[in-house]
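Structure first, then comments.
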Amino acid sequence: MLRSLVGSEMCIRDRPKKILAEGTKVACKIVQQYMEPSWILARIMEYVHATKKYVIKDEDETENYTQEWRVPWQNVVHLDAETELIDAGGKVLAIYPDSTTFYQATVVKGPHHVDDDYTLFFDGDQSQVRLVNPNYVFRVRD
């Protein structure tokens, strides 16, 4: 989580607690001018201390080339560290099946164990529910 409680006040860190290693699989918020932000599946290429940004590589293998991005560390979610089980009704970002893009969804049924899939309703998905591996689901960020 980007914010931590110290006493009764919220503190925002100016650098990550831990620098993620090259090759680490992450969800990454991409912000482009004149476009809505999007979340993609990516891998860490490196962390640049001077700018406090990660260089990440898009995991979309359907493209002829693989896009690299430089993103603030606050826009990177380490997927392996997201182990919280989210109950029904919870708002999440989850990878849409057969894609590398994360979309907002509502938990219809949460997993009973870490290895069980989530049953999710993706916003705007014509009232159809989908099963998603918990490794690709995390609570919505501000």
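Residues are referred to by chain and number: the chain letter is A, B, ... according to the order shown in the structure tokens, the number counts from 1 in that chain, and ligands are numbered separately from 1 in the order shown.
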Find the residues around A:Glu84 up to 12 Å (only C-alpha atoms counted), leave out those fewer than 4 positions away in its own chain, and share them as a ChimeraX atom specification.
-> /A:1,79-80,90,92,110-114,134-139
Identify, on the basis of only C-alpha atoms, every residue whose closest approach to A:Ile56 does not exceed 12 Å; exclude the query and any residue fewer than 2 positions from it along the same chain; express the result as a PyMOL selection string.
-> chain A and resi 20-30+40-48+53-54+58-59+66-73+75-77
Between atom CA of A:Lys91 and atom CA of A:Lys17 - distance in Å to one decimal | 25.1 Å
Name the residues of chain A that come out as strand (DSSP E) in a backbone DSSP run; write them as JSON, numbers by chain.
-> {"A": [3, 4, 5, 6, 9, 10, 11, 12, 25, 26, 27, 28, 29, 30, 38, 39, 40, 41, 42, 43, 44, 45, 46, 47, 48, 53, 54, 55, 56, 57, 58, 68, 69, 70, 71, 72, 76, 77, 78, 91, 92, 93, 94, 95, 101, 102, 103, 104, 105, 106, 107, 108, 109, 118, 119, 120, 121, 122, 129, 130, 131, 132, 137, 138, 139]}
All helix (DSSP H, G or I) positions in chain A, as number ranges by chain = A: 73-75, 79-81, 134-136
Atoms to include: all heavy atoms. Write the selected residues as a compact mmCIF listing (two decimals), in the first residue's frame.
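Result file out-v7.txt:
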# COMPACT_ATOMS: atom_id res chain seq x y z
N TRP A 73 7.21 4.79 -9.37
CA TRP A 73 7.12 3.57 -8.57
C TRP A 73 5.73 3.41 -7.96
O TRP A 73 5.28 2.29 -7.75
CB TRP A 73 8.21 3.54 -7.50
CG TRP A 73 8.05 4.58 -6.43
CD1 TRP A 73 8.59 5.83 -6.42
CD2 TRP A 73 7.31 4.46 -5.22
NE1 TRP A 73 8.22 6.50 -5.27
CE2 TRP A 73 7.43 5.68 -4.52
CE3 TRP A 73 6.54 3.45 -4.66
CZ2 TRP A 73 6.82 5.92 -3.31
CZ3 TRP A 73 5.93 3.68 -3.43
CH2 TRP A 73 6.07 4.90 -2.77
N GLN A 74 5.02 4.52 -7.71
CA GLN A 74 3.69 4.45 -7.12
C GLN A 74 2.67 3.79 -8.06
O GLN A 74 1.61 3.37 -7.62
CB GLN A 74 3.16 5.85 -6.74
CG GLN A 74 4.01 6.56 -5.72
CD GLN A 74 5.05 7.48 -6.36
OE1 GLN A 74 5.55 7.24 -7.44
NE2 GLN A 74 5.38 8.55 -5.65
N ASN A 75 2.99 3.72 -9.36
CA ASN A 75 2.08 3.14 -10.35
C ASN A 75 2.35 1.66 -10.60
O ASN A 75 1.85 1.10 -11.57
CB ASN A 75 2.19 3.90 -11.68
CG ASN A 75 1.63 5.30 -11.60
OD1 ASN A 75 1.26 5.78 -10.54
ND2 ASN A 75 1.56 5.96 -12.73
N LEU A 79 2.51 -8.04 -7.97
CA LEU A 79 1.39 -8.99 -7.91
C LEU A 79 1.60 -10.09 -6.89
O LEU A 79 0.66 -10.51 -6.22
CB LEU A 79 1.12 -9.57 -9.30
CG LEU A 79 0.60 -8.54 -10.31
CD1 LEU A 79 0.57 -9.14 -11.71
CD2 LEU A 79 -0.77 -8.03 -9.91
N ASP A 80 2.82 -10.59 -6.74
CA ASP A 80 3.08 -11.65 -5.76
C ASP A 80 2.87 -11.19 -4.32
O ASP A 80 2.68 -12.00 -3.43
CB ASP A 80 4.49 -12.22 -5.92
CG ASP A 80 4.63 -13.07 -7.17
OD1 ASP A 80 3.59 -13.47 -7.74
OD2 ASP A 80 5.77 -13.34 -7.57
N ALA A 81 2.93 -9.88 -4.09
CA ALA A 81 2.77 -9.35 -2.74
C ALA A 81 1.29 -9.11 -2.39
O ALA A 81 0.97 -8.84 -1.24
CB ALA A 81 3.55 -8.04 -2.60
N PRO A 134 -6.39 -15.59 -8.65
CA PRO A 134 -6.13 -14.55 -7.64
C PRO A 134 -4.78 -13.85 -7.78
O PRO A 134 -4.59 -12.76 -7.24
CB PRO A 134 -6.22 -15.31 -6.31
CG PRO A 134 -6.01 -16.73 -6.65
CD PRO A 134 -6.53 -16.92 -8.05
N ASN A 135 -3.84 -14.43 -8.53
CA ASN A 135 -2.55 -13.78 -8.76
C ASN A 135 -2.70 -12.51 -9.59
O ASN A 135 -1.75 -11.72 -9.67
CB ASN A 135 -1.58 -14.72 -9.46
CG ASN A 135 -1.18 -15.89 -8.60
OD1 ASN A 135 -1.07 -15.76 -7.38
ND2 ASN A 135 -1.00 -17.04 -9.20
N TYR A 136 -3.86 -12.32 -10.22
CA TYR A 136 -4.08 -11.18 -11.09
C TYR A 136 -5.25 -10.33 -10.63
O TYR A 136 -5.94 -9.71 -11.45
CB TYR A 136 -4.29 -11.67 -12.53
CG TYR A 136 -3.12 -12.45 -13.03
CD1 TYR A 136 -3.15 -13.83 -13.13
CD2 TYR A 136 -1.93 -11.81 -13.38
CE1 TYR A 136 -2.06 -14.56 -13.57
CE2 TYR A 136 -0.83 -12.52 -13.83
CZ TYR A 136 -0.91 -13.90 -13.92
OH TYR A 136 0.19 -14.60 -14.34
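Separating atom CA of A:Lys52 from atom CA of A:Glu36 is a distance of 22.8 Å.
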